[in-house]
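Trainee: After the structure tokens below, expect a handful of questions from me.
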Amino acid sequence: MNQLEILKMKKILTLLLAAVSTVTFAQFDTHMASAKSEYSKGNLEASRFAMQQMMTELDIQIGKEILTMLPTKFDALAANTKNDNVTANTGITGCLIHRDYGTEAKDARIEIMSNSPLVASINAILAIPFMGNSGDGTQKVVKVAGYKSILQKSVDTETNKENYTLQIPLSSTLLTLYADDSNEAEILKWANTIPVDKIAKMVQ
Amino acid sequence: MKQPLIILFCGLLTYQVQGQALLNKMKQKAEQAADRAIDKKLSGKQNGSNSSGGTSTTTGPGGASSGSTGNNPSNKGGGGLISTPPDVKQNLADAEASYKTKNYGEARYAVQQAMLGVEMEIGNNILKSLPETVSSLPKEEEADQVTSTGYGWAGLTIHREYYKDDKELRVTIANNSAWMSAYNMYLSNSGYSQTTGGEQQFKQIKVKGHKGIIEYSESSGYKISVAVGQSSLIMWEGINFASEPEMMKAAEAFDIDGIKKQLGEQ
């Protein structure tokens, strides 16, 4: 491939990306125009439907913004950005943001779920001092970027490897970091590289 | 040697008991004097502000009654919260502006508020379209209620009550997927199927061509649930209705197709 072809490819890609982003913005604008005009005409249900569409788009947009904030690697584990995913349900569980790191033997992943049904029970555990820490060391309360969180450990009975789950409730959103074949110090170190405060502001 | 010691001990004990009694008496006297002084001051204040006086309750700051247990005022009223729904047009404009400046969180909040406003309007319009009287029961104006969370999928509930003497009809219109799942559970559960033996407590019916179920319980009366479109449900609860036909007639007094249309259901 010569220099000219590479330049052409770059141009095509840039135009394609610009078109994709324009479509996203145009859709929001279309829904906004539809919501306004239907409301003016007194078609309340049609206006409401357009607003629901806008909510879905906003959820996806927020999810994409959050993905750009997440760390691109956890030590040696690089982010598999091709697996990045934002699902806007506009349903009971709200928006789901996913990113994973590394390969199967040792990997990690972040799941952020808005309107998570688990938040209430996690907050209940965090609110009662003796509930959060288990005697066998499988669960403890930790702080990540000032946010109280629950760290859970499970041991694979076959391989004896330790898998960790860290749950950070942010208002009605739940940020969960999973780390397989890891240790407590490692998962906490990784968790502290996540801009929790900025994410909390985005999802509020 | 023992005797003087016992006498000395008894003497000390008596002195201590007497001392204690004296102290208690002094304390009591001081408390009484303080109470009298406070009463005098407060009654003086009361007479100043309210010439009728003579009551045992005292008035705390802000004109609230404090009673005899403490000085914290109790609330006498404040008019409640303003129930005006959010301004849809303003919120849509805010959402547009926030979106353009990439404040997606703010934009989302504004759209949610606009949606809340629209849902409240839809609910109020449906309330207006409901009959004023059903089976000679007039509506209870104060019981009219529209509830919305502004999320669009689980939010809108419209409630009205009709009441006279010991007879009551409650109607609830829910645009809510969670309720629909409960309704579908009814239809798919064989335990709720129609039986010929024993007491019939459940059966499938049609109200103005819409599939539904009717239930009867000795303690709570009749209940009709009708699915409207994909995600809405109308429920009627009748207390002291004489028979199933009477309850059915009450449900048929409602314009189900009109409600369906207003909810945007197919």
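By order of appearance in the structure tokens: chains A, B, ..., then residues from 1 within every chain, and ligands from 1 in the order shown.
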Enumerate, as a ChimeraX atom specification, the complete set of residues in chain A that a backbone-based DSSP assignment places in alpha helix (DSSP H).

Mentor: /A:3-41,44-69,119-127,184-191,196-203

Trainee: Hey, which bits of chain B sit within 9 Å of chain A, and for each residue what's the closest pair of atoms and how far apart in Å (one decimal), counting only C-alpha atoms, rows by chain and increasing number, as CSV?

Mentor:
residue,atom,partner,partner_atom,distance
B:Val88,CA,A:Tyr39,CA,8.5
B:Lys89,CA,A:Lys36,CA,7.2
B:Leu92,CA,A:Lys36,CA,7.5
B:Ala95,CA,A:Met32,CA,8.9
B:Glu96,CA,A:Met32,CA,7.5
B:Tyr99,CA,A:Leu58,CA,8.4
B:Asn103,CA,A:Met202,CA,8.6
B:Tyr104,CA,A:Ile62,CA,6.1
B:Gly105,CA,A:Met202,CA,5.6
B:Glu106,CA,A:Gln204,CA,8.7
B:Ala107,CA,A:Leu58,CA,7.6
B:Arg108,CA,A:Leu58,CA,6.2
B:Tyr109,CA,A:Gln204,CA,8.7
B:Val111,CA,A:Met51,CA,6.5
B:Gln112,CA,A:Met55,CA,7.6
B:Ala114,CA,A:Met51,CA,7.9
B:Met115,CA,A:Arg48,CA,6.0
B:Val118,CA,A:Leu44,CA,6.3
B:Glu119,CA,A:Arg48,CA,7.5
B:Glu121,CA,A:Leu44,CA,7.8
B:Ile122,CA,A:Leu44,CA,6.5
B:Tyr151,CA,A:Thr90,CA,7.9
B:Gly152,CA,A:Gln52,CA,6.7
B:Trp153,CA,A:Gly91,CA,6.5
B:Ala154,CA,A:Ile92,CA,7.9
B:Lys261,CA,A:Glu45,CA,8.8
B:Gln262,CA,A:Glu45,CA,6.8
B:Leu263,CA,A:Glu45,CA,6.2
B:Gly264,CA,A:Glu45,CA,5.4

Trainee: Which polymer residues have any atom within 10 Å of an atom of stretch 165-172 of chain A, counting only C-alpha atoms, with same-chain residues fewer than 6 positions away left out, as a JSON list (two decimals) with C-alpha atoms, in the first residue's frame?

Mentor:
[["chain", "number", "residue", "atom", "x", "y", "z"],
["A", 108, "ALA", "CA", -10.62, -8.02, 34.79],
["A", 109, "ARG", "CA", -13.77, -6.23, 33.82],
["A", 110, "ILE", "CA", -15.77, -3.18, 34.77],
["A", 111, "GLU", "CA", -19.57, -3.15, 34.69],
["A", 112, "ILE", "CA", -21.46, 0.06, 35.44],
["A", 113, "MET", "CA", -25.20, -0.27, 35.81],
["A", 114, "SER", "CA", -27.49, 2.71, 36.36],
["A", 115, "ASN", "CA", -30.68, 2.15, 38.37],
["A", 116, "SER", "CA", -29.15, -1.08, 39.64],
["A", 117, "PRO", "CA", -31.50, -3.12, 41.85],
["A", 118, "LEU", "CA", -28.45, -4.20, 43.90],
["A", 119, "VAL", "CA", -27.61, -0.71, 45.15],
["A", 120, "ALA", "CA", -30.19, -0.74, 47.97],
["A", 122, "ILE", "CA", -25.26, -2.92, 49.17],
["A", 123, "ASN", "CA", -26.00, 0.41, 50.86],
["A", 126, "LEU", "CA", -22.46, -0.54, 54.20],
["A", 139, "GLN", "CA", -16.02, -9.96, 52.47],
["A", 140, "LYS", "CA", -14.87, -6.60, 53.74],
["A", 141, "VAL", "CA", -15.72, -2.93, 53.50],
["A", 142, "VAL", "CA", -13.08, -0.76, 51.83],
["A", 143, "LYS", "CA", -12.91, 2.81, 50.55],
["A", 144, "VAL", "CA", -12.15, 3.66, 46.93],
["A", 145, "ALA", "CA", -11.73, 7.35, 46.09],
["A", 147, "TYR", "CA", -16.58, 5.89, 48.37],
["A", 148, "LYS", "CA", -17.43, 3.03, 50.70],
["A", 149, "SER", "CA", -17.38, -0.23, 48.78],
["A", 150, "ILE", "CA", -17.71, -3.95, 49.33],
["A", 151, "LEU", "CA", -14.83, -6.24, 48.40],
["A", 152, "GLN", "CA", -15.62, -9.93, 48.06],
["A", 153, "LYS", "CA", -13.21, -12.82, 47.57],
["A", 154, "SER", "CA", -14.00, -16.26, 46.21],
["A", 178, "TYR", "CA", -14.20, -8.02, 38.70],
["A", 179, "ALA", "CA", -10.65, -9.38, 38.87],
["A", 180, "ASP", "CA", -9.96, -13.07, 38.30],
["A", 184, "GLU", "CA", -6.60, -7.74, 47.33],
["A", 187, "ILE", "CA", -7.68, -5.04, 42.74],
["A", 188, "LEU", "CA", -7.59, -2.05, 45.10],
["A", 191, "ALA", "CA", -9.80, 0.41, 41.44],
["A", 196, "VAL", "CA", -14.94, 7.18, 40.34],
["A", 197, "ASP", "CA", -15.75, 10.78, 41.23],
["A", 199, "ILE", "CA", -18.22, 8.82, 36.77],
["A", 200, "ALA", "CA", -20.47, 9.54, 39.77],
["A", 201, "LYS", "CA", -21.04, 13.08, 38.45],
["A", 203, "VAL", "CA", -24.41, 9.26, 36.11],
["A", 204, "GLN", "CA", -26.20, 11.48, 38.63]]

Trainee: Determine, using only C-alpha atoms, which residues of stretch 193-247 of chain B have any atom at most 9 Å from an atom of stretch 164-174 of chain B, and tabulate each with its shortest atom pair and distance in Å to one decimal place, rows ordered by chain and then rising number, as a Markdown table.

Mentor:
| residue | atom | partner | partner_atom | distance |
| --- | --- | --- | --- | --- |
| B:Ser231 | CA | B:Ala174 | CA | 8.4 |
| B:Ser232 | CA | B:Ala174 | CA | 5.5 |
| B:Leu233 | CA | B:Ala174 | CA | 5.2 |
| B:Ile234 | CA | B:Ile173 | CA | 4.5 |
| B:Met235 | CA | B:Thr172 | CA | 5.1 |
| B:Trp236 | CA | B:Val171 | CA | 4.5 |
| B:Glu237 | CA | B:Arg170 | CA | 5.1 |
| B:Gly238 | CA | B:Leu169 | CA | 4.6 |
| B:Ile239 | CA | B:Glu168 | CA | 5.0 |
| B:Asn240 | CA | B:Lys167 | CA | 5.2 |
| B:Phe241 | CA | B:Lys167 | CA | 6.9 |

Trainee: Next, dump the selected residues to file, keeping only N, CA and C atoms, as a PDB file, in the first residue's frame.

Mentor:
ATOM      1  N   SER B 231     -48.807  -2.550  27.419  1.00  0.00           N
ATOM      2  CA  SER B 231     -48.235  -2.374  28.759  1.00  0.00           C
ATOM      3  C   SER B 231     -49.154  -1.667  29.749  1.00  0.00           C
ATOM      4  N   SER B 232     -50.435  -1.586  29.456  1.00  0.00           N
ATOM      5  CA  SER B 232     -51.319  -0.888  30.399  1.00  0.00           C
ATOM      6  C   SER B 232     -52.399  -1.811  30.949  1.00  0.00           C
ATOM      7  N   LEU B 233     -52.887  -1.408  32.079  1.00  0.00           N
ATOM      8  CA  LEU B 233     -53.859  -2.241  32.787  1.00  0.00           C
ATOM      9  C   LEU B 233     -54.901  -1.337  33.452  1.00  0.00           C
ATOM     10  N   ILE B 234     -56.172  -1.722  33.331  1.00  0.00           N
ATOM     11  CA  ILE B 234     -57.217  -0.999  34.066  1.00  0.00           C
ATOM     12  C   ILE B 234     -57.768  -1.965  35.099  1.00  0.00           C
ATOM     13  N   MET B 235     -57.884  -1.486  36.318  1.00  0.00           N
ATOM     14  CA  MET B 235     -58.349  -2.355  37.399  1.00  0.00           C
ATOM     15  C   MET B 235     -59.509  -1.667  38.137  1.00  0.00           C
ATOM     16  N   TRP B 236     -60.604  -2.394  38.306  1.00  0.00           N
ATOM     17  CA  TRP B 236     -61.743  -1.879  39.066  1.00  0.00           C
ATOM     18  C   TRP B 236     -61.912  -2.727  40.322  1.00  0.00           C
ATOM     19  N   GLU B 237     -62.093  -2.082  41.436  1.00  0.00           N
ATOM     20  CA  GLU B 237     -62.347  -2.813  42.689  1.00  0.00           C
ATOM     21  C   GLU B 237     -63.688  -2.352  43.241  1.00  0.00           C
ATOM     22  N   GLY B 238     -64.614  -3.261  43.385  1.00  0.00           N
ATOM     23  CA  GLY B 238     -65.957  -2.908  43.842  1.00  0.00           C
ATOM     24  C   GLY B 238     -66.252  -3.469  45.230  1.00  0.00           C
ATOM     25  N   ILE B 239     -66.637  -2.565  46.112  1.00  0.00           N
ATOM     26  CA  ILE B 239     -66.992  -2.979  47.481  1.00  0.00           C
ATOM     27  C   ILE B 239     -68.515  -2.919  47.599  1.00  0.00           C
ATOM     28  N   ASN B 240     -69.074  -3.968  48.114  1.00  0.00           N
ATOM     29  CA  ASN B 240     -70.525  -4.091  48.324  1.00  0.00           C
ATOM     30  C   ASN B 240     -71.345  -3.986  47.033  1.00  0.00           C
ATOM     31  N   PHE B 241     -70.808  -4.524  45.969  1.00  0.00           N
ATOM     32  CA  PHE B 241     -71.589  -4.665  44.736  1.00  0.00           C
ATOM     33  C   PHE B 241     -72.391  -5.957  44.877  1.00  0.00           C
TER      34      PHE B 241
END

Trainee: Would you please give, as a ChimeraX atom specification, all residues of stretch 164-202 of chain A that DSSP assigns to strand (DSSP E or B) based on the backbone?

Mentor: /A:164-170,173-179

Trainee: Could you tell me how far atom CA of B:Lys260 sits from atom CA of B:Gly229, in Å to one decimal place?

Mentor: 6.9 Å

Trainee: Counting only C-alpha atoms, which of B:Thr133, B:Ser148, B:Asn175, B:Ser217 gets nearest to B:Tyr162?

Mentor: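 So, comparing all the options, the nearest one is B:Thr133.
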
Trainee: Compile the contact shell of A:Thr72 as a PyMOL selection string: residues with an atom at most 12 Å away, counting only C-alpha atoms, same-chain residues fewer than 3 positions apart removed.

Mentor: chain A and resi 67-69+75-82+84+99-102+108-110+190+193-194
